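Have a look at structure37.cif; it's mmCIF, C-alpha atoms:
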```cif
data_upload
#
loop_
_atom_site.group_PDB
_atom_site.id
_atom_site.type_symbol
_atom_site.label_atom_id
_atom_site.label_comp_id
_atom_site.auth_asym_id
_atom_site.auth_seq_id
_atom_site.Cartn_x
_atom_site.Cartn_y
_atom_site.Cartn_z
ATOM 1 C CA MET Y 20 0.000 0.000 0.000
ATOM 2 C CA THR Y 21 1.265 3.471 -0.833
ATOM 3 C CA THR Y 22 0.471 6.404 1.425
ATOM 4 C CA ASP Y 23 0.771 9.784 -0.238
ATOM 5 C CA VAL Y 24 1.105 12.617 2.222
ATOM 6 C CA TYR Y 25 1.282 16.231 1.202
ATOM 7 C CA ALA Y 26 0.812 19.604 2.807
ATOM 8 C CA LEU Y 27 -2.355 21.494 2.060
ATOM 9 C CA PRO Y 28 -1.977 24.545 -0.153
ATOM 10 C CA SER Y 29 -2.496 27.883 1.509
ATOM 11 C CA LEU Y 30 -6.055 29.120 1.310
ATOM 12 C CA ALA Y 31 -5.158 32.658 2.322
ATOM 13 C CA GLY Y 32 -6.793 35.207 0.078
ATOM 14 C CA ASN Y 33 -9.016 32.649 -1.649
ATOM 15 C CA THR Y 34 -12.768 32.936 -1.356
ATOM 16 C CA TYR Y 35 -15.229 30.365 -2.590
ATOM 17 C CA THR Y 36 -18.948 30.410 -3.165
ATOM 18 C CA ASN Y 37 -21.204 27.372 -2.970
ATOM 19 C CA GLN Y 38 -21.235 27.290 -6.779
ATOM 20 C CA ASP Y 39 -17.446 26.780 -6.754
ATOM 21 C CA LEU Y 40 -17.658 23.709 -4.532
ATOM 22 C CA PRO Y 41 -17.867 20.258 -6.080
ATOM 23 C CA THR Y 42 -20.662 17.892 -5.266
ATOM 24 C CA PRO Y 43 -19.504 15.499 -2.540
ATOM 25 C CA PRO Y 44 -18.696 12.020 -3.755
ATOM 26 C CA SER Y 45 -21.336 9.347 -3.440
ATOM 27 C CA GLN Y 46 -20.973 6.548 -0.919
ATOM 28 C CA ARG Y 47 -20.265 4.241 -3.873
ATOM 29 C CA THR Y 48 -17.401 6.486 -5.021
ATOM 30 C CA CYS Y 49 -15.955 6.543 -1.493
ATOM 31 C CA ASP Y 50 -16.288 2.762 -1.187
ATOM 32 C CA ARG Y 51 -14.611 2.209 -4.561
ATOM 33 C CA PHE Y 52 -11.771 4.568 -3.634
ATOM 34 C CA LEU Y 53 -11.201 2.845 -0.289
ATOM 35 C CA ARG Y 54 -10.910 -0.542 -2.008
ATOM 36 C CA ASN Y 55 -7.961 0.757 -4.030
ATOM 37 C CA ASP Y 56 -4.427 0.160 -2.789
ATOM 38 C CA ARG Y 57 -3.554 3.829 -2.831
ATOM 39 C CA MET Y 58 -4.514 5.950 0.170
ATOM 40 C CA LEU Y 59 -4.269 9.722 0.048
ATOM 41 C CA LEU Y 60 -4.075 12.054 3.023
ATOM 42 C CA GLY Y 61 -3.761 15.766 3.476
ATOM 43 C CA ARG Y 62 -1.387 16.834 6.233
ATOM 44 C CA GLN Y 63 -1.277 20.297 7.749
ATOM 45 C CA GLY Y 64 1.187 21.333 10.403
ATOM 46 C CA ILE Y 65 0.080 22.567 13.814
ATOM 47 C CA PHE Y 66 2.606 25.006 15.206
ATOM 48 C CA THR Y 67 3.564 26.334 18.602
ATOM 49 C CA GLY Y 68 3.720 30.055 19.280
ATOM 50 C CA SER Y 69 7.439 29.950 18.514
ATOM 51 C CA GLY Y 70 6.846 28.314 15.119
ATOM 52 C CA ASP Y 71 7.885 24.742 15.957
ATOM 53 C CA VAL Y 72 5.849 21.840 14.569
ATOM 54 C CA PHE Y 73 3.753 20.432 17.400
ATOM 55 C CA GLY Y 74 1.737 17.934 15.384
ATOM 56 C CA TYR Y 75 -0.249 17.408 12.224
ATOM 57 C CA GLU Y 76 -3.903 17.542 11.374
ATOM 58 C CA LEU Y 77 -4.754 14.870 8.841
ATOM 59 C CA PHE Y 78 -7.492 15.186 6.237
ATOM 60 C CA PHE Y 79 -9.314 12.968 3.782
ATOM 61 C CA ARG Y 80 -8.145 13.488 0.213
ATOM 62 C CA SER Y 81 -9.744 12.146 -2.914
ATOM 63 C CA PRO Y 82 -7.876 11.076 -6.030
ATOM 64 C CA HIS Y 83 -10.039 13.550 -7.949
ATOM 65 C CA PRO Y 84 -8.329 16.888 -8.682
ATOM 66 C CA ALA Y 85 -11.307 19.057 -7.675
ATOM 67 C CA PRO Y 86 -11.261 20.386 -4.113
ATOM 68 C CA LEU Y 87 -13.741 18.770 -1.715
ATOM 69 C CA HIS Y 88 -15.795 20.665 0.820
ATOM 70 C CA VAL Y 89 -16.685 18.051 3.427
ATOM 71 C CA ASP Y 90 -18.868 20.476 5.384
ATOM 72 C CA HIS Y 91 -21.525 19.838 2.732
ATOM 73 C CA TRP Y 92 -21.275 16.046 2.883
ATOM 74 C CA THR Y 93 -23.802 13.740 4.470
ATOM 75 C CA GLN Y 94 -23.055 12.226 7.870
ATOM 76 C CA ASP Y 95 -22.312 8.857 6.237
ATOM 77 C CA GLN Y 96 -19.816 10.444 3.845
ATOM 78 C CA GLN Y 97 -18.093 12.261 6.708
ATOM 79 C CA ASP Y 98 -17.935 9.027 8.733
ATOM 80 C CA HIS Y 99 -16.414 7.299 5.726
ATOM 81 C CA ALA Y 100 -13.796 10.044 5.373
ATOM 82 C CA THR Y 101 -12.833 9.703 9.047
ATOM 83 C CA ALA Y 102 -12.547 5.925 8.636
ATOM 84 C CA HIS Y 103 -10.343 6.479 5.589
ATOM 85 C CA VAL Y 104 -7.995 8.839 7.462
ATOM 86 C CA LEU Y 105 -7.697 6.453 10.411
ATOM 87 C CA HIS Y 106 -7.057 3.461 8.149
ATOM 88 C CA ALA Y 107 -4.554 5.274 5.927
ATOM 89 C CA THR Y 108 -2.686 6.553 8.975
ATOM 90 C CA PHE Y 109 -2.549 3.469 11.151
ATOM 91 C CA ALA Y 110 -2.434 0.645 8.568
ATOM 92 C CA GLY Y 111 0.334 -0.219 6.146
ATOM 93 C CA PRO Y 112 3.504 1.795 6.670
ATOM 94 C CA GLY Y 113 1.914 3.176 9.806
ATOM 95 C CA VAL Y 114 1.849 6.355 11.745
ATOM 96 C CA ALA Y 115 5.614 6.876 11.731
ATOM 97 C CA SER Y 116 5.565 7.388 7.967
ATOM 98 C CA VAL Y 117 2.895 10.067 8.322
ATOM 99 C CA ALA Y 118 3.888 11.994 11.432
ATOM 100 C CA GLY Y 119 6.956 10.485 13.058
ATOM 101 C CA ASP Y 120 6.535 10.870 16.804
ATOM 102 C CA ARG Y 121 4.376 14.004 16.538
ATOM 103 C CA ARG Y 122 0.757 14.142 17.654
ATOM 104 C CA ILE Y 123 -1.880 13.425 15.029
ATOM 105 C CA PHE Y 124 -5.140 15.361 15.071
ATOM 106 C CA VAL Y 125 -8.048 13.671 13.271
ATOM 107 C CA ASN Y 126 -11.512 15.164 12.823
ATOM 108 C CA PHE Y 127 -14.054 12.938 14.534
ATOM 109 C CA THR Y 128 -17.652 12.975 13.417
ATOM 110 C CA ARG Y 129 -20.569 12.755 15.804
ATOM 111 C CA SER Y 130 -20.808 9.019 15.039
ATOM 112 C CA TYR Y 131 -17.226 8.460 16.200
ATOM 113 C CA LEU Y 132 -17.999 10.305 19.415
ATOM 114 C CA VAL Y 133 -21.337 8.709 20.334
ATOM 115 C CA ASP Y 134 -21.315 5.284 18.651
ATOM 116 C CA ASP Y 135 -18.950 2.409 19.275
ATOM 117 C CA LEU Y 136 -16.923 2.776 16.069
ATOM 118 C CA ALA Y 137 -13.399 1.383 15.810
ATOM 119 C CA VAL Y 138 -10.656 3.809 16.835
ATOM 120 C CA PRO Y 139 -6.964 2.812 16.834
ATOM 121 C CA TYR Y 140 -5.799 2.636 20.415
ATOM 122 C CA LEU Y 141 -2.842 5.016 20.354
ATOM 123 C CA PRO Y 142 -3.919 7.683 22.826
ATOM 124 C CA GLU Y 143 -0.342 8.914 23.258
ATOM 125 C CA GLN Y 144 -0.346 10.088 19.638
ATOM 126 C CA LEU Y 145 -3.919 10.262 18.294
ATOM 127 C CA VAL Y 146 -5.803 13.416 19.291
ATOM 128 C CA VAL Y 147 -9.574 13.385 18.849
ATOM 129 C CA GLU Y 148 -10.514 16.624 17.154
ATOM 130 C CA ILE Y 149 -14.093 17.828 17.500
ATOM 131 C CA VAL Y 150 -15.164 20.056 14.635
ATOM 132 C CA GLU Y 151 -17.482 23.020 14.997
ATOM 133 C CA SER Y 152 -20.363 21.245 13.229
ATOM 134 C CA VAL Y 153 -20.674 18.679 16.057
ATOM 135 C CA VAL Y 154 -23.270 19.868 18.561
ATOM 136 C CA ALA Y 155 -22.142 19.107 22.109
ATOM 137 C CA ASP Y 156 -25.319 17.506 23.439
ATOM 138 C CA SER Y 157 -25.399 14.992 26.308
ATOM 139 C CA ALA Y 158 -24.578 12.044 24.006
ATOM 140 C CA VAL Y 159 -21.504 13.822 22.591
ATOM 141 C CA ILE Y 160 -20.342 14.842 26.086
ATOM 142 C CA ALA Y 161 -20.711 11.216 27.263
ATOM 143 C CA GLY Y 162 -18.722 9.999 24.245
ATOM 144 C CA VAL Y 163 -15.965 12.538 24.873
ATOM 145 C CA ARG Y 164 -15.795 11.403 28.506
ATOM 146 C CA ARG Y 165 -15.429 7.753 27.382
ATOM 147 C CA LEU Y 166 -12.599 8.650 25.009
ATOM 148 C CA ARG Y 167 -10.817 10.642 27.732
ATOM 149 C CA GLU Y 168 -11.189 7.711 30.137
ATOM 150 C CA ARG Y 169 -9.403 5.588 27.511
ATOM 151 C CA GLY Y 170 -6.540 8.102 27.561
ATOM 152 C CA PHE Y 171 -7.263 10.094 24.405
ATOM 153 C CA ARG Y 172 -6.611 13.801 24.264
ATOM 154 C CA ILE Y 173 -9.404 16.044 23.021
ATOM 155 C CA ALA Y 174 -9.080 19.097 20.784
ATOM 156 C CA ILE Y 175 -11.741 21.626 19.868
ATOM 157 C CA ASP Y 176 -11.256 22.683 16.258
ATOM 158 C CA ASP Y 177 -11.773 26.222 14.953
ATOM 159 C CA PHE Y 178 -12.797 27.590 18.341
ATOM 160 C CA VAL Y 179 -14.808 30.790 18.009
ATOM 161 C CA GLY Y 180 -16.714 30.651 21.300
ATOM 162 C CA LEU Y 181 -19.935 28.986 20.144
ATOM 163 C CA ALA Y 182 -22.098 27.778 23.049
ATOM 164 C CA SER Y 183 -21.601 24.180 21.916
ATOM 165 C CA GLN Y 184 -17.821 24.647 21.858
ATOM 166 C CA ARG Y 185 -17.849 26.222 25.326
ATOM 167 C CA ARG Y 186 -19.634 23.132 26.714
ATOM 168 C CA LEU Y 187 -16.637 21.065 25.566
ATOM 169 C CA LEU Y 188 -13.989 23.246 27.224
ATOM 170 C CA PRO Y 189 -13.844 21.242 30.497
ATOM 171 C CA PHE Y 190 -12.833 18.176 28.467
ATOM 172 C CA ALA Y 191 -10.419 19.842 26.051
ATOM 173 C CA ASP Y 192 -6.676 19.354 26.154
ATOM 174 C CA TYR Y 193 -6.258 21.614 23.132
ATOM 175 C CA VAL Y 194 -8.261 24.496 21.765
ATOM 176 C CA LYS Y 195 -7.333 25.271 18.179
ATOM 177 C CA ILE Y 196 -7.769 28.837 17.026
ATOM 178 C CA ASP Y 197 -7.281 29.851 13.426
ATOM 179 C CA VAL Y 198 -5.381 33.123 13.527
ATOM 180 C CA ARG Y 199 -7.379 34.234 10.486
ATOM 181 C CA ASP Y 200 -10.461 34.225 12.750
ATOM 182 C CA LEU Y 201 -8.896 36.714 15.134
ATOM 183 C CA ASP Y 202 -9.762 40.366 14.797
ATOM 184 C CA VAL Y 203 -6.577 42.061 15.916
ATOM 185 C CA GLU Y 204 -6.940 45.810 16.333
ATOM 186 C CA GLY Y 205 -4.263 47.806 14.550
ATOM 187 C CA GLN Y 206 -2.926 44.897 12.513
#
```
Give the structure from the file, written as structure tokens.
Amino acid sequence: MTTDVYALPSLAGNTYTNQDLPTPPSQRTCDRFLRNDRMLLGRQGIFTGSGDVFGYELFFRSPHPAPLHVDHWTQDQQDHATAHVLHATFAGPGVASVAGDRRIFVNFTRSYLVDDLAVPYLPEQLVVEIVESVVADSAVIAGVRRLRERGFRIAIDDFVGLASQRRLLPFADYVKIDVRDLDVEGQ
């Protein structure tokens, strides 16, 4: 199996409308892609305040050249993408080929938080990242507690202070803030 890993291109200065976004792939397309030997991942560095690489966020990537906007996918398609990232990262050449000894942040869907879906047991390296589209209801909170009890670290992605995100703060080891979301006066 070949694992292709590449950094995401910078999106700074680019704006997209819904008309620019491709239609998400069908479940059949995802299934067919996952049966192939080739697994693609996107890898984006997560940096400390001093600019050192702290870890990597990993993303689903399709073999199709058009950009994908997973926020518009169905829940099943998002679950499939998470399964793909976990499989591509932890199978075959393994995590060392993707991230060395750095932490790996993977977006977890609601299903991965509340259902009993398979998650590689590497809590020292795998960080469960909760995206802003996951509503932190009692089932999600219970799932996050179970993952923490198993030793996993929790990250809140794209924190902007939504009520749902604030409910997750007591369980968060990391709160990721996109500096492009900050309104810095005078800069």
Pick from Y:Glu143, Y:Asp192, Y:Asp177, Y:Glu151, whichever lies nearest to Asp120 in chain Y using only C-alpha atoms: Y:Glu143
Near Asp176 in chain Y, counting only C-alpha atoms, which residues have an atom at most 10 Å away, once you skip same-chain residues fewer than 3 positions from it, shown as a list of chain:residue names? Y:Phe124, Y:Asn126, Y:Val147, Y:Glu148, Y:Ile149, Y:Val150, Y:Glu151, Y:Ser152, Y:Ile173, Y:Val179, Y:Gln184, Y:Tyr193, Y:Val194, Y:Lys195, Y:Ile196, Y:Asp197
Can you pull out every residue within 10 Å of range 129-135 of chain Y, counting all atoms listed in the file, but drop anything in the same chain fewer than 4 positions away, and send it as a PyMOL selection string? chain Y and resi 94-95+97-98+101-102+147+149-150+152-155+157-166
Where does the PyMOL selection byres ((chain Y and resi 105) around 10) land in this file, that is, which residues does it pick, as number ranges by chain? Y: 60, 77-79, 99-104, 106-110, 114, 125-127, 137-139, 145
For a test of reading the model, state the distance in Å between CA of Ile123 in chain Y and CA of Ala182 in chain Y, rounded to one decimal.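 About the pair CA of Ile123 in chain Y and CA of Ala182 in chain Y: they are 26.1 Å apart.
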To one decimal place in Å, what is the distance between CA of Val146 in chain Y and CA of Ala174 in chain Y?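 CA of Val146 in chain Y sits 6.7 Å away from CA of Ala174 in chain Y.
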Between CA of Ala191 in chain Y and CA of Thr128 in chain Y, what distance in Å does the model show, to one decimal? 16.1 Å
Nearest to Ile65 in chain Y by atom-to-atom distance, counting only C-alpha atoms, from Y:Gly180, Y:Arg121, Y:Pro189, Y:Ile175: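 Among Y:Gly180, Y:Arg121, Y:Pro189, Y:Ile175, it is Y:Arg121 that comes nearest to Ile65 in chain Y.
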With all atoms listed in the file as the basis for distance, which of Y:Leu141, Y:Ala118, Y:Leu59, Y:Leu136 is at the shortest distance from Val72 in chain Y?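 For Val72 in chain Y, the nearest of the candidates is Y:Ala118.
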